[in-house]
Structure formats: structure tokens, C-alpha cells
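Structure file protein-v2.cif (mmCIF, C-alpha atoms) is printed below.
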```cif
data_protein
loop_
_atom_site.label_atom_id
_atom_site.label_comp_id
_atom_site.auth_asym_id
_atom_site.auth_seq_id
_atom_site.Cartn_x
_atom_site.Cartn_y
_atom_site.Cartn_z
CA MET A 579 0.00 0.00 0.00
CA ASN A 580 1.43 3.31 -1.09
CA GLU A 581 0.54 5.94 1.50
CA ALA A 582 0.88 8.76 -1.02
CA THR A 583 -2.18 7.53 -2.88
CA LEU A 584 -5.83 7.25 -1.91
CA LYS A 585 -8.52 4.87 -3.04
CA VAL A 586 -11.56 6.81 -4.26
CA THR A 587 -14.53 6.27 -6.54
CA VAL A 588 -15.19 8.76 -9.35
CA ASN A 589 -18.38 8.39 -11.36
CA GLY A 590 -18.70 4.77 -10.32
CA GLU A 591 -15.09 3.82 -11.14
CA ALA A 592 -12.59 2.86 -8.45
CA LYS A 593 -9.37 4.87 -8.78
CA ARG A 594 -6.09 5.34 -6.96
CA VAL A 595 -5.21 9.02 -6.83
CA GLU A 596 -2.56 11.31 -5.35
CA ARG A 597 -3.25 13.00 -2.03
CA GLY A 598 -4.43 16.54 -2.55
CA THR A 599 -7.45 18.77 -2.95
CA VAL A 600 -10.58 18.07 -4.93
CA ARG A 601 -9.46 20.76 -7.40
CA GLU A 602 -6.19 18.87 -7.94
CA LEU A 603 -8.07 15.60 -8.34
CA LEU A 604 -10.26 17.11 -11.06
CA GLY A 605 -7.19 18.51 -12.83
CA SER A 606 -5.44 15.14 -12.75
CA LEU A 607 -8.49 13.52 -14.33
CA GLY A 608 -8.55 16.12 -17.10
CA TYR A 609 -11.66 18.04 -16.07
CA PRO A 610 -11.85 21.73 -17.01
CA GLU A 611 -11.84 24.44 -14.34
CA ARG A 612 -15.39 25.48 -15.10
CA GLY A 613 -18.55 23.78 -16.19
CA VAL A 614 -18.42 20.84 -13.81
CA ALA A 615 -20.20 20.25 -10.52
CA VAL A 616 -18.80 17.91 -7.91
CA GLU A 617 -20.57 15.82 -5.34
CA ARG A 618 -18.42 14.27 -2.60
CA ASN A 619 -20.03 11.58 -0.50
CA ARG A 620 -23.47 12.73 -1.62
CA ARG A 621 -22.97 16.41 -0.82
CA VAL A 622 -22.20 19.07 -3.41
CA VAL A 623 -18.80 20.73 -3.02
CA PRO A 624 -19.38 24.35 -4.13
CA HIS A 625 -17.05 25.64 -6.83
CA ALA A 626 -15.41 28.08 -4.41
CA GLU A 627 -14.54 25.28 -1.95
CA LEU A 628 -12.87 22.84 -4.36
CA THR A 629 -9.40 24.12 -3.51
CA ALA A 630 -10.01 24.05 0.21
CA THR A 631 -11.44 20.53 0.29
CA ALA A 632 -9.00 17.63 0.72
CA VAL A 633 -9.61 14.24 -0.83
CA ALA A 634 -9.92 11.50 1.79
CA GLU A 635 -9.55 7.73 1.59
CA GLY A 636 -12.76 6.09 0.40
CA ASP A 637 -14.36 9.29 -0.93
CA VAL A 638 -17.07 8.77 -3.51
CA PHE A 639 -17.31 11.50 -6.16
CA GLU A 640 -19.76 12.35 -8.87
CA VAL A 641 -18.51 14.84 -11.46
CA VAL A 642 -21.20 16.14 -13.78
CA SER A 643 -21.85 18.71 -16.51
CA LEU A 644 -24.84 20.13 -18.32
CA VAL A 645 -25.79 18.21 -21.46
CA GLY A 646 -28.66 18.40 -23.90
CA GLY A 647 -31.91 17.05 -22.51
CA GLY A 648 -35.64 17.55 -22.40
CA MET B 1437 -58.58 36.50 -18.44
CA SER B 1438 -57.67 39.49 -20.61
CA GLU B 1439 -60.01 42.35 -21.48
CA THR B 1440 -61.74 42.05 -24.84
CA LEU B 1441 -59.85 44.01 -27.49
CA THR B 1442 -61.73 46.96 -28.93
CA GLU B 1443 -58.99 48.49 -31.05
CA PRO B 1444 -56.26 47.12 -33.31
CA VAL B 1445 -53.10 46.34 -31.36
CA LYS B 1446 -49.84 47.94 -32.40
CA ASN B 1447 -47.58 45.14 -31.24
CA GLU B 1448 -48.02 41.43 -30.63
CA GLN B 1449 -47.13 41.66 -26.96
CA ALA B 1450 -50.25 43.72 -26.28
CA LEU B 1451 -52.30 40.64 -27.15
CA ASP B 1452 -51.37 38.71 -24.02
CA GLN B 1453 -49.77 38.90 -20.60
CA PRO B 1454 -46.45 37.16 -20.05
CA LEU B 1455 -46.30 33.72 -18.48
CA ARG B 1456 -45.31 34.12 -14.85
CA VAL B 1457 -43.64 31.33 -12.90
CA ALA B 1458 -42.34 31.94 -9.38
CA GLY B 1459 -42.10 35.68 -10.00
CA ARG B 1460 -40.28 35.41 -13.33
CA ALA B 1461 -41.99 36.59 -16.53
CA PHE B 1462 -41.69 34.97 -19.94
CA VAL B 1463 -43.24 36.50 -23.05
CA SER B 1464 -43.00 33.16 -24.84
CA ARG B 1465 -45.15 30.42 -23.37
CA LEU B 1466 -43.09 27.72 -25.03
CA ILE B 1467 -40.31 25.97 -23.11
CA VAL B 1468 -38.04 23.70 -25.12
CA GLY B 1469 -35.53 20.98 -24.36
CA THR B 1470 -31.99 20.83 -25.71
CA GLY B 1471 -31.69 17.06 -26.27
CA LYS B 1472 -31.61 14.82 -29.35
CA TYR B 1473 -30.43 17.43 -31.85
CA ARG B 1474 -28.24 16.48 -34.81
CA ASP B 1475 -25.54 18.83 -33.54
CA TYR B 1476 -25.11 21.94 -31.44
CA PRO B 1477 -25.58 24.46 -34.30
CA ALA B 1478 -28.91 22.80 -35.18
CA MET B 1479 -29.96 23.03 -31.54
CA GLN B 1480 -28.96 26.69 -31.38
CA ALA B 1481 -30.96 27.57 -34.51
CA CYS B 1482 -34.04 25.70 -33.27
CA LEU B 1483 -33.96 27.29 -29.81
CA ASP B 1484 -33.85 30.67 -31.51
CA ALA B 1485 -36.67 29.85 -33.94
CA SER B 1486 -38.89 28.45 -31.20
CA GLY B 1487 -38.94 31.83 -29.50
CA ALA B 1488 -38.50 30.11 -26.13
CA GLU B 1489 -37.01 32.10 -23.28
CA ALA B 1490 -36.67 29.11 -20.97
CA ILE B 1491 -34.89 25.92 -21.96
CA THR B 1492 -34.23 22.69 -20.13
CA VAL B 1493 -30.96 20.79 -19.89
CA ALA B 1494 -29.84 17.52 -18.32
CA VAL B 1495 -27.10 16.85 -15.76
CA ARG B 1496 -24.79 13.96 -16.63
CA ARG B 1497 -21.41 12.40 -15.95
CA GLU B 1498 -20.39 13.01 -19.59
CA ARG B 1499 -17.67 15.54 -20.26
CA LEU B 1500 -18.90 18.95 -21.34
CA ILE B 1501 -16.57 19.11 -24.33
CA ASP B 1502 -17.33 17.18 -27.53
CA GLY B 1503 -14.81 15.59 -29.93
CA GLU B 1504 -14.20 18.93 -31.62
CA GLY B 1505 -13.60 20.77 -28.35
CA ARG B 1506 -17.05 22.37 -28.37
CA SER B 1507 -19.32 22.61 -25.39
CA MET B 1508 -23.10 22.77 -25.49
CA LEU B 1509 -22.83 26.01 -23.56
CA ASP B 1510 -20.86 27.57 -26.46
CA TYR B 1511 -24.17 27.39 -28.35
CA ILE B 1512 -26.46 28.69 -25.60
CA ASP B 1513 -26.73 32.40 -24.87
CA THR B 1514 -26.92 32.24 -21.09
CA ASP B 1515 -28.04 35.87 -20.92
CA ARG B 1516 -31.00 35.14 -23.19
CA TYR B 1517 -32.34 31.89 -21.75
CA THR B 1518 -33.42 30.85 -18.30
CA ILE B 1519 -31.85 27.42 -18.03
CA LEU B 1520 -33.88 24.82 -16.18
CA PRO B 1521 -31.80 21.83 -15.11
CA ASN B 1522 -33.87 18.65 -15.17
CA THR B 1523 -33.75 15.47 -13.16
CA ALA B 1524 -34.56 13.27 -16.15
CA GLY B 1525 -33.38 9.72 -15.64
CA CYS B 1526 -33.88 9.75 -11.87
CA PHE B 1527 -35.94 6.91 -10.43
CA SER B 1528 -35.97 7.98 -6.77
CA ALA B 1529 -36.62 11.17 -4.85
CA ASP B 1530 -33.12 10.88 -3.40
CA ASP B 1531 -31.42 10.83 -6.80
CA ALA B 1532 -33.60 13.66 -8.08
CA ILE B 1533 -32.69 15.81 -5.07
CA ARG B 1534 -28.97 15.12 -5.61
CA VAL B 1535 -29.22 16.00 -9.32
CA ALA B 1536 -31.18 19.17 -8.51
CA ASN B 1537 -28.38 20.26 -6.18
CA LEU B 1538 -25.71 19.50 -8.80
CA GLY B 1539 -27.75 21.46 -11.35
CA ARG B 1540 -27.98 24.38 -8.94
CA GLU B 1541 -24.17 24.34 -8.57
CA LEU B 1542 -23.68 24.29 -12.37
CA LEU B 1543 -26.14 27.15 -12.94
CA ASP B 1544 -24.63 29.12 -10.07
CA GLN B 1545 -21.29 29.07 -11.95
CA LEU B 1546 -23.09 30.51 -14.99
CA ASP B 1547 -24.88 33.10 -12.86
CA ASN B 1548 -28.06 32.10 -14.69
CA PRO B 1549 -31.48 32.94 -13.23
CA GLY B 1550 -32.38 29.23 -13.46
CA LYS B 1551 -29.96 28.39 -10.66
CA ASP B 1552 -32.63 27.80 -8.05
CA TRP B 1553 -35.01 26.15 -10.47
CA VAL B 1554 -35.46 22.53 -11.30
CA LYS B 1555 -37.58 20.68 -13.81
CA LEU B 1556 -38.37 17.78 -11.54
CA GLU B 1557 -38.90 14.29 -12.91
CA VAL B 1558 -38.99 11.25 -10.66
CA LEU B 1559 -39.67 8.39 -13.01
CA ASN B 1560 -41.10 4.96 -12.36
CA ASP B 1561 -39.57 2.91 -15.17
CA LYS B 1562 -37.72 3.26 -18.46
CA LYS B 1563 -40.47 1.81 -20.63
CA THR B 1564 -43.34 4.15 -19.78
CA LEU B 1565 -41.29 7.06 -18.34
CA LEU B 1566 -44.37 7.68 -16.22
CA PRO B 1567 -43.75 9.58 -12.99
CA ASP B 1568 -43.49 7.79 -9.66
CA PRO B 1569 -46.15 9.81 -7.82
CA VAL B 1570 -44.86 9.02 -4.31
CA GLY B 1571 -41.25 9.94 -5.12
CA THR B 1572 -42.38 13.00 -7.08
CA LEU B 1573 -44.32 14.33 -4.12
CA GLU B 1574 -41.50 13.60 -1.67
CA ALA B 1575 -38.91 15.36 -3.86
CA THR B 1576 -41.22 18.34 -4.50
CA LYS B 1577 -41.60 18.91 -0.76
CA ALA B 1578 -37.91 18.49 0.04
CA LEU B 1579 -36.70 20.71 -2.82
CA THR B 1580 -39.30 23.42 -2.13
CA ASP B 1581 -38.20 23.46 1.53
CA ASP B 1582 -34.63 23.86 0.29
CA GLY B 1583 -35.58 26.99 -1.67
CA PHE B 1584 -35.92 25.46 -5.12
CA LYS B 1585 -38.56 26.62 -7.60
CA VAL B 1586 -39.90 23.25 -8.63
CA MET B 1587 -41.50 22.80 -12.04
CA CYS B 1588 -42.91 19.36 -11.65
CA TYR B 1589 -43.55 16.76 -14.33
CA THR B 1590 -46.55 14.61 -13.51
CA SER B 1591 -49.14 12.44 -15.21
CA ASP B 1592 -52.54 13.80 -16.25
CA ASP B 1593 -54.04 12.73 -12.90
CA PRO B 1594 -55.92 15.69 -11.40
CA VAL B 1595 -55.57 14.40 -7.83
CA MET B 1596 -51.77 14.22 -8.10
CA ALA B 1597 -51.66 17.62 -9.79
CA ALA B 1598 -53.41 19.21 -6.80
CA LYS B 1599 -51.18 17.39 -4.32
CA ILE B 1600 -48.04 18.56 -6.14
CA ARG B 1601 -49.31 22.13 -6.09
CA ASP B 1602 -50.04 21.78 -2.37
CA ALA B 1603 -46.51 20.43 -1.81
CA GLY B 1604 -45.20 23.78 -3.04
CA ALA B 1605 -44.40 23.30 -6.72
CA ALA B 1606 -43.94 26.58 -8.63
CA SER B 1607 -45.68 24.95 -11.59
CA VAL B 1608 -47.45 21.66 -12.19
CA MET B 1609 -46.57 20.14 -15.56
CA PRO B 1610 -48.90 17.34 -16.56
CA ALA B 1611 -47.97 15.18 -19.53
CA GLY B 1612 -50.11 15.36 -22.65
CA SER B 1613 -49.03 11.79 -23.44
CA PRO B 1614 -45.93 9.65 -22.74
CA ILE B 1615 -42.57 11.45 -23.06
CA GLY B 1616 -41.30 11.43 -26.63
CA SER B 1617 -44.36 9.52 -27.88
CA GLY B 1618 -45.65 12.24 -30.21
CA GLN B 1619 -49.24 11.37 -29.34
CA GLY B 1620 -50.15 14.93 -28.37
CA VAL B 1621 -52.89 15.49 -25.82
CA ILE B 1622 -54.63 12.14 -25.38
CA ASN B 1623 -56.85 13.01 -22.45
CA ARG B 1624 -58.26 16.48 -22.89
CA ASN B 1625 -60.80 15.83 -20.17
CA SER B 1626 -58.18 15.12 -17.51
CA LEU B 1627 -56.17 18.18 -18.48
CA ALA B 1628 -59.33 20.31 -18.46
CA ILE B 1629 -60.10 19.04 -14.95
CA ILE B 1630 -56.54 19.82 -13.80
CA LEU B 1631 -56.82 23.34 -15.24
CA GLU B 1632 -60.17 23.86 -13.52
CA LEU B 1633 -58.98 22.49 -10.17
CA LEU B 1634 -55.78 24.50 -10.12
CA LYS B 1635 -56.85 27.72 -11.85
CA ASP B 1636 -60.56 28.30 -11.33
CA PRO B 1637 -61.25 30.34 -8.17
CA GLU B 1638 -64.67 28.69 -7.85
CA ASN B 1639 -62.84 25.37 -7.43
CA GLY B 1640 -60.29 26.69 -4.97
CA GLY B 1641 -57.81 27.42 -7.75
CA ASP B 1642 -55.69 30.45 -8.56
CA PRO B 1643 -55.94 31.88 -12.11
CA ASP B 1644 -52.26 32.91 -11.83
CA TYR B 1645 -51.00 29.44 -10.90
CA PRO B 1646 -49.05 28.16 -13.92
CA VAL B 1647 -49.97 24.79 -15.42
CA ILE B 1648 -47.67 23.80 -18.26
CA ILE B 1649 -48.27 20.80 -20.50
CA ASP B 1650 -45.04 18.81 -20.59
CA ALA B 1651 -44.36 15.91 -22.93
CA GLY B 1652 -45.98 14.06 -25.79
CA VAL B 1653 -46.11 16.84 -28.38
CA GLY B 1654 -45.78 15.45 -31.91
CA THR B 1655 -46.69 18.41 -34.06
CA ALA B 1656 -47.86 22.00 -33.97
CA SER B 1657 -51.57 21.28 -33.53
CA ASP B 1658 -50.79 19.39 -30.30
CA VAL B 1659 -49.32 22.59 -28.86
CA ALA B 1660 -52.31 24.59 -30.08
CA ILE B 1661 -54.75 22.12 -28.50
CA ALA B 1662 -52.96 22.24 -25.15
CA MET B 1663 -52.99 26.04 -25.19
CA GLU B 1664 -56.63 26.21 -26.31
CA LEU B 1665 -57.56 24.15 -23.27
CA GLY B 1666 -56.20 26.98 -21.15
CA ALA B 1667 -52.72 25.70 -20.30
CA ASP B 1668 -50.26 28.45 -19.41
CA GLY B 1669 -47.51 26.99 -21.52
CA VAL B 1670 -46.14 23.93 -23.26
CA LEU B 1671 -42.78 22.21 -22.79
CA LEU B 1672 -41.48 20.02 -25.61
CA ASN B 1673 -38.27 18.64 -27.04
CA THR B 1674 -38.53 15.63 -29.37
CA GLY B 1675 -41.33 17.18 -31.43
CA ILE B 1676 -38.81 19.70 -32.75
CA ALA B 1677 -35.50 17.84 -32.41
CA HIS B 1678 -36.63 14.74 -34.30
CA ALA B 1679 -38.81 16.44 -36.93
CA GLU B 1680 -37.61 15.86 -40.50
CA ASP B 1681 -36.89 19.57 -40.77
CA ALA B 1682 -36.35 20.57 -37.16
CA LEU B 1683 -35.84 24.25 -37.91
CA ARG B 1684 -39.16 24.59 -39.76
CA MET B 1685 -40.88 22.69 -36.98
CA ALA B 1686 -39.37 25.04 -34.39
CA HIS B 1687 -41.01 27.96 -36.20
CA ALA B 1688 -44.27 26.00 -36.41
CA MET B 1689 -44.25 25.31 -32.66
CA ARG B 1690 -43.75 28.99 -31.90
CA HIS B 1691 -46.71 29.96 -34.07
CA ALA B 1692 -48.86 27.16 -32.67
CA CYS B 1693 -48.21 28.22 -29.10
CA ILE B 1694 -49.20 31.81 -29.86
CA ALA B 1695 -52.19 30.69 -31.94
CA GLY B 1696 -53.48 28.32 -29.27
CA ARG B 1697 -53.06 30.89 -26.53
CA LEU B 1698 -54.85 33.65 -28.45
CA ALA B 1699 -57.61 31.23 -29.43
CA TYR B 1700 -58.06 30.43 -25.73
CA LEU B 1701 -58.18 34.13 -24.84
CA GLY B 1702 -60.37 34.82 -27.87
CA GLY B 1703 -62.93 32.29 -26.68
CA ARG B 1704 -64.02 29.66 -29.14
CA ILE B 1705 -67.60 29.38 -30.44
CA PRO B 1706 -69.77 26.58 -29.11
CA MET B 1707 -70.04 23.48 -31.31
CA LYS B 1708 -73.38 22.88 -33.02
CA ARG B 1709 -74.72 19.91 -34.91
CA TYR B 1710 -76.08 21.82 -37.93
CA ALA B 1711 -74.79 24.55 -40.18
CA THR B 1712 -75.18 28.25 -39.52
CA ALA B 1713 -74.79 30.45 -42.60
CA SER B 1714 -72.28 33.26 -42.39
CA SER B 1715 -73.76 35.24 -45.28
CA PRO B 1716 -77.24 36.81 -44.90
CA TRP B 1717 -80.24 35.13 -46.56
CA ASP B 1718 -81.87 38.47 -47.31
CA GLY B 1719 -81.01 39.78 -50.77
CA VAL B 1720 -79.85 36.50 -52.33
CA ILE B 1721 -80.90 36.59 -56.02
CA SER B 1722 -84.06 34.61 -56.82
CA TYR B 1723 -84.88 34.77 -53.09
CA ILE B 1724 -88.62 35.12 -52.49
CA PRO B 1725 -89.24 36.96 -49.20
CA GLY B 1726 -91.14 34.86 -46.69
CA GLU B 1727 -90.14 31.51 -48.18
#
```
Could you show the structure in this file as C-alpha cells?
Amino acid sequence: MNEATLKVTVNGEAKRVERGTVRELLGSLGYPERGVAVERNRRVVPHAELTATAVAEGDVFEVVSLVGGG
Amino acid sequence: MSETLTEPVKNEQALDQPLRVAGRAFVSRLIVGTGKYRDYPAMQACLDASGAEAITVAVRRERLIDGEGRSMLDYIDTDRYTILPNTAGCFSADDAIRVANLGRELLDQLDNPGKDWVKLEVLNDKKTLLPDPVGTLEATKALTDDGFKVMCYTSDDPVMAAKIRDAGAASVMPAGSPIGSGQGVINRNSLAIILELLKDPENGGDPDYPVIIDAGVGTASDVAIAMELGADGVLLNTGIAHAEDALRMAHAMRHACIAGRLAYLGGRIPMKRYATASSPWDGVISYIPGE
């Protein structure tokens, strides 16, 4: 077990990611700065708090955008 | 109901009041979805042609950027449209509440007036896409308590419509027929009862409470029929997006919505079994007075 990495779930997929903030996690997964909303353990993390929120072991994330729909 | 017109009107807007939902006014009574279009430019052109001022969008895990680096939002003027995030695809109140909150976060980033709004759908199953009434009611209450303006998709059941209104929905949106079915309004009687229950003061209703027909529109006359019944607006998506010529159909839907609304305000004539001549009998050639 590498202590530098954390086991998390992003959009239903298990991943091993670097320790850091939610903002850094999104960047490492290739998400843009704007236009995404993040839910961490079933609670929305507001855009302004992404940098201040640390990723923890076992976190479950949903990362979503607006798409066409009716 | 509007005053009867006694003089020609100088502009179209004098013909009707705007649609008001939760304190926001919309001149157009048509609300359109953004799904199922061939591509983003086609969607953009159809939104424009429909005249809609409110549009609905979905919230999904998909990336915002397409293969060519374009985002749907590059084709939506966020200053022009009120964007209503929907909870389409949710089969529980819990999921719908989560999606509503994610939608609120996305709209907050855009500083769009739709940020506290949600087009609520809590569905029962993928085949019928009928609403789950219990989950719908639960989510309406919870989201309203959380400050959301809930525009709530429901079936054409008048009892549910009243309960959803009582739960705090900003608008009740009964389906004309199943989502995407193109069957139009299949139960005019149920919709007429909903409109009477929710809007007629003699039945405990409020004439200003917005009832919007959501789903099932196949062609322009379906929109006109819904509006002639007295609906405050119509929400549709597939009827435009999957038409052979979507852009022409978008124009048609705009006209139909206006036509149906003005016909409702104009007040249709009663139906009669036999003919009534429009031209006078007196003075017809060969006419013998008294015969």
C-alpha cells in the first residue's frame, strides 16, 4: 500500500489518486476548471470550496456537466 | 382572463400577458428541451426559432466538451435563456434531489437565473417514463423546503396535480401523453379538470397558478390544443428535435403556441350539430321573401 495515494470512486469507477485537494483531483483527471459540478459523499462541493477541500480515503465522487436534454 | 380588445393592437405583446412562474416573466409560453439534436448548431438555430425564453438541460457524468472541443454552452446564450436543469433519468426522490443540487451548482457558476429552479422528474420505469407519484411528491416537498422553484412533471391525474401544487411546486406540468411519444394530448378531459382544479377560483384554484403541458407533443396542432384548453404553456423537445426539418418545426411550434393561446383568450364558439350560414339570406338573387 502506497501511502501517497488514496482509493476513491469517481463516477462509479474505483481509482487510486494522489493525495491533494478536490481541485487537484479534477485537474489530474482532465476536467476543465469550469462547467463541472462535484458531489463528494453525496454532498455538493461548491465551486469556491474545491481548492479548500481535501480528498480522503474512500471518498465517492460524482462529477457532472450540463448536457442536452428535455 | 384578458379584457376584450376593442382596437387594433400595435404590437403582438399587447395581445397577451407574459407567463409568470415563481415571479419570473416569460413573453413566450413555449419551453423547449436541448436534447436529441443532430448537432449543437442545429440546436442553437431551433432554440432561436422556437422563441423560447426558458430551456431545459440535463445533468450527466459526460464531459462537457465534444470531440471537436465544443461545449453545449458555447451554443447557448446564457443571458437570453433561463436554463432549467432537469432530473430526467432519476428513479428515486433521493437521486432527483442530488441531481437538482448538482444542477444548482452548475447554474450558479453561470450566474443564470435558473440556478434555483429545477424541472423535476422522478420516473417509475424506463419503458413508460411515467412519474413515480410518491417519489415525485417527496422530492417536490424536500426541494421546495430547500428553496428550489420546482417545475414538476406529472401524469394527467388531477388528484396528483393538486397534491403537487399543495406540496409547493412553482408549476405543475402534466404530460399530454408519454414522453417522446408524439401522441399529443390524449386526455383532454383530464387536463381540463386539472386546469379547472388549479386555476378556477370557484374550485379553490388560482388563475395565476401556472400549469404547463409537458411531454408528448408530436406536431404544432398538439401545442395549439394544449394552449386552447387553457394551459399556461407547453414544454417540448422531441417534437422539434426529431422532426424531418427541425428548424421549420421550431417555427411551427412557436406559431402554434401563440395561436393556441390567443384562441383560448379569444374564446371559441360553441359546437353545433347543424350549419349556420355566415352570409345573410336576405337579398340572395331569386330569393322570395317569406319563403
field: Residues matched by the PyMOL selection byres ((chain A) within 12 of (chain B)), written as a PyMOL selection string
entry: chain A and resi 588-591+604+607-627+639-648
**Report entry** Matched chain/residue IDs from the PyMOL selection byres ((chain B and resi 1563) around 12), as a PyMOL selection string
**Finding:** chain B and resi 1525+1559-1562+1564-1567+1614-1617
Handout entry: Close residues, Glu635 of chain A itself excluded, 12 Å, only C-alpha atoms, min 4 positions apart in chain, as a list in words
Key =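 Near neighbours after the sequence-gap exclusion: Glu581, Ala582, Thr583, Leu584, Lys585, Val586, Thr587, Ala592, Lys593, Arg594, Val595, Glu596, Arg597, Gly598, Arg618, Asn619 and Phe639 of chain A.
The two atoms in question, atom CA of Met1689 of chain B and atom CA of Pro1594 of chain B, are spaced 26.1 Å apart.
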Atom CA of Asp1510 of chain B to atom CA of Leu1455 of chain B: how many Å, to one decimal?
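Pair atom CA of Asp1510 of chain B / atom CA of Leu1455 of chain B returns 27.4 Å.
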Report task. Find the spatial neighbours of Val1647 of chain B, counting only C-alpha atoms, within a cut-off of 8 Å - ignore same-chain residues fewer than 4 positions away - and output them as a PyMOL selection string. Result -> chain B and resi 1607-1610+1631+1634+1667-1669
Can you write just those residues out, C-alpha atoms, as a compact mmCIF listing (two decimals), in the coordinates of the input?
```txt
# COMPACT_ATOMS: atom_id res chain seq x y z
CA SER B 1607 -45.68 24.95 -11.59
CA VAL B 1608 -47.45 21.66 -12.19
CA MET B 1609 -46.57 20.14 -15.56
CA PRO B 1610 -48.90 17.34 -16.56
CA LEU B 1631 -56.82 23.34 -15.24
CA LEU B 1634 -55.78 24.50 -10.12
CA ALA B 1667 -52.72 25.70 -20.30
CA ASP B 1668 -50.26 28.45 -19.41
CA GLY B 1669 -47.51 26.99 -21.52
```
_Nearest candidate to Arg1456 of chain B (options B:Val1558, B:Ala1478, B:Ala1606, B:Ala1692; using all atoms listed in the file)_ =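 Under the stated criterion, the closest residue is B:Ala1606.
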(request) Identify all residues satisfying the PyMOL selection byres ((chain B and resi 1660) around 12) in the given file; provide them as a ChimeraX atom specification. (result) /B:1465-1466,1620-1621,1649,1653-1659,1661-1670,1688-1700
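The two atoms in question, atom CA of Cys1526 of chain B and atom CA of Asp637 of chain A, are spaced 22.4 Å apart.
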Give me the box for segment 1464-1474 of chain B as AutoDock Vina command-line options, namely the centre and edge lengths in Å to one decimal of a box along x, y and z that holds every listed atom plus 6 Å on each side.
```
--center_x -36.7 --center_y 24.0 --center_z -29.0 --size_x 28.9 --size_y 30.3 --size_z 23.7
```
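Among the candidates B:Asp1636, B:Leu1627, B:Glu1439, B:Leu1556, the residue lying nearest to Ile1600 of chain B is B:Leu1556 (atoms considered: only C-alpha atoms).
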Using all atoms listed in the file for the distances, tell me which of B:Cys1482, B:Ala1713, B:Val1570, B:Leu1579 is nearest to Met1596 of chain B.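 Smallest separation from Met1596 of chain B among the options: B:Val1570.
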